[in-house]
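*Asks:* I am attaching a structure below and will ask some questions about it afterwards.
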Amino acid sequence: MGKTIVITGAGIGLGRALARCFAKEGDTTILLGRTFSKVQAVAQELGEPHFAVECDVGDPDSVRAAFAKIAERHPKIDVLINNAAIYEPFLVRDATDEQITSIIGTNLTGTIFCCREAIPMMEKGAQIINVSSESVREPFAMLSLYQCSKSGVERFTETLEKELEPDGIRVCVLRAAPMVDADKDMPNWDPDVAMQFFEANLKLGRNLAEQPITQVDNVTCIFRALIDLPPDFKATHVSVGARHP
């Protein structure tokens, strides 16, 4: 029997690829996204019983409303994938209030808000997967806030896993390497900032133009494997990376 899977940031990139993958395999996907038109387009592509819910994960009221709407159709959910994230390079001295609050709010606080609302809807055997980044282990220049938020996600996951273990709910963090989506527009970064980002990382010995990168569709199998783990097995921390073929 298929699972009911809630995916945040499901309108583009990895979130959309996961929704397509799970829907094809017979699961019911619930697509959350801040821009409703994007998640709605994916839901319409997939058809029933899949559906979209507008949700700004960084806003606790928006998250509460989204999960209340989910509960109207699915009082119980099997999997929550916290995928929504903002990835934007900048120097801290140049950061705007919006950049700081949106990155921490979406990447870290948003993960916590979604977990809080999902847990009461979960039973033994359910699972939470929080998406992290390779930059936690291998720091990049100009990504201090992004790295900070993802480090927080990892520590939060480790403690939440212990908290929910008596309830039989598994919690995992998946640390992912760079990936691209052929159907996704390039980031709308200021060209000067993008060049500064490239050059700053080059000084650290990281040539972004030469680093291996994979397609989002190639990563979905890892999530599938985690969701299908036997009930007597768990994976708390998984790292996946790209390689040159």
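For the structure tokens, the naming scheme is as follows: chains receive sequential letters (A, B, ...) according to their order of presentation, residues are indexed from 1 within each chain, and ligands are indexed from 1 in presentation order.
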Under the rule of at most 10 Å, produce a per-residue listing of region 42-63 of chain A near region 9-12 of chain A: chain, number, name, the closest pair of atoms, and the distance in Å, as a Markdown table, using only C-alpha atoms.
*Replies:*
| residue | atom | partner | partner_atom | distance |
| --- | --- | --- | --- | --- |
| A:Val42 | CA | A:Gly11 | CA | 6.5 |
| A:Ala43 | CA | A:Gly11 | CA | 8.9 |
| A:Ala52 | CA | A:Ala10 | CA | 8.8 |
| A:Val53 | CA | A:Ala10 | CA | 9.9 |
| A:Cys55 | CA | A:Gly9 | CA | 9.0 |
| A:Asp56 | CA | A:Gly9 | CA | 9.2 |
| A:Val57 | CA | A:Gly9 | CA | 8.8 |
*Asks:* Give the strand (DSSP E) residues of region 134-240 of chain A, as DSSP finds them on the backbone, and put them as number ranges by chain.
*Replies:* A: 170-176, 179-180, 214-215, 237-239
*Asks:* Using DSSP assignments from the backbone, pull out every residue in region 47-167 of chain A that falls under alpha helix (DSSP H) and give it to me as a count of residues only.
*Replies:* 52
*Asks:* Residues near region 102-108 of chain A, anyone? I mean within 6 Å using only C-alpha atoms, not counting same-chain ones fewer than 3 positions away, as a list in words.
*Replies:*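 In the requested form, the answer reads Val57, Gly58, Ala85, Ile86, Glu98, Gln99, Thr111, Ser149 and Val153 of chain A.
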*Asks:* Take the residues just selected and output them with C-alpha atoms as a compact mmCIF listing (two decimals), in the first residue's frame.
*Replies:*
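That gives us part31.txt:
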# COMPACT_ATOMS: atom_id res chain seq x y z
CA VAL A 57 7.53 27.16 6.08
CA GLY A 58 9.18 30.11 7.80
CA ALA A 85 15.60 25.88 1.53
CA ILE A 86 17.10 29.17 0.42
CA GLU A 98 15.54 39.93 4.79
CA GLN A 99 18.43 37.70 3.69
CA THR A 111 12.10 22.56 9.38
CA SER A 149 21.14 26.88 9.13
CA VAL A 153 19.13 21.17 10.94
*Asks:* Find, counting only C-alpha atoms, the residue in A:Gln147, A:Gln196, A:Ser135, A:Thr157 that gets nearest to Phe90 (chain A).
*Replies:*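 Closest candidate: A:Gln196.
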*Asks:* Calculated over only C-alpha atoms, which of the candidates A:Ser144, A:Asn188, A:Gln127, A:Gln44 has the smallest distance to Leu229 (chain A)?
*Replies:* A:Gln127
*Asks:* Using only C-alpha atoms, which of A:Arg137, A:Arg175, A:Arg116, A:His50 sits nearest Asn83 (chain A)?
*Replies:*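 Going through A:Arg137, A:Arg175, A:Arg116, A:His50 one by one, the smallest distance to Asn83 (chain A) is for A:Arg175.
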*Asks:* Select, from A:Phe22, A:Tyr146, A:Phe197, A:Trp189, the residue with the minimum atom-to-atom distance to Ile81 (chain A), counting only C-alpha atoms.
*Replies:*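 Among the listed residues, A:Phe22 lies closest to Ile81 (chain A).
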*Asks:* Tell me, in Å to one decimal, how far CA of Glu163 (chain A) is from CA of Ile119 (chain A).
*Replies:*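 So the answer is 11.1 Å.
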*Asks:* Smallest atom-to-atom distance to Phe51 (chain A): which of A:Phe140, A:Pro245, A:Ser37, A:Leu32, using only C-alpha atoms?
*Replies:*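 When distances to Phe51 (chain A) are compared using only C-alpha atoms, the smallest one comes from A:Leu32.
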*Asks:* As a compact mmCIF listing (two decimals) with C-alpha atoms, in the first residue's frame, please: the residues near Leu18 (chain A) (cut-off 12 Å, only C-alpha atoms, same-chain neighbours under 5 positions excluded).
*Replies:*
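Saved result, out23.txt, follows:
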# COMPACT_ATOMS: atom_id res chain seq x y z
CA ILE A 5 4.29 11.73 1.75
CA VAL A 6 4.48 15.47 2.50
CA ILE A 7 7.25 17.33 0.67
CA THR A 8 8.19 20.97 1.33
CA GLY A 9 9.69 23.06 -1.44
CA ALA A 10 7.97 20.77 -3.93
CA GLY A 11 7.44 23.24 -6.75
CA ILE A 12 10.94 23.05 -8.23
CA GLY A 13 14.21 21.15 -8.10
CA ALA A 23 3.71 9.47 -7.50
CA LYS A 24 4.97 7.16 -10.24
CA GLU A 25 5.59 4.46 -7.65
CA ASP A 27 2.51 6.90 -3.18
CA THR A 28 0.28 9.89 -2.45
CA THR A 29 2.26 13.12 -2.47
CA ILE A 30 1.25 16.37 -0.79
CA LEU A 31 3.19 19.26 -2.23
CA VAL A 42 3.16 19.91 -10.25
CA LEU A 46 0.58 14.31 -11.34
CA LEU A 80 7.62 14.29 5.95
CA ILE A 81 10.51 15.49 3.78
CA ASN A 82 11.81 18.91 4.82
CA ASN A 83 13.38 19.98 1.56
CA ASP A 181 17.44 20.48 -12.33
CA VAL A 216 18.07 15.90 -9.09
CA ASP A 217 16.41 12.82 -10.61
CA ASN A 218 19.48 10.75 -9.71
CA VAL A 219 19.09 11.51 -6.00
CA THR A 220 15.49 10.37 -5.57
CA CYS A 221 16.53 6.73 -5.23
CA ILE A 222 18.25 7.52 -1.92
CA PHE A 223 15.02 8.88 -0.45
CA ARG A 224 13.17 5.84 -1.75
CA ILE A 227 11.56 5.29 3.19
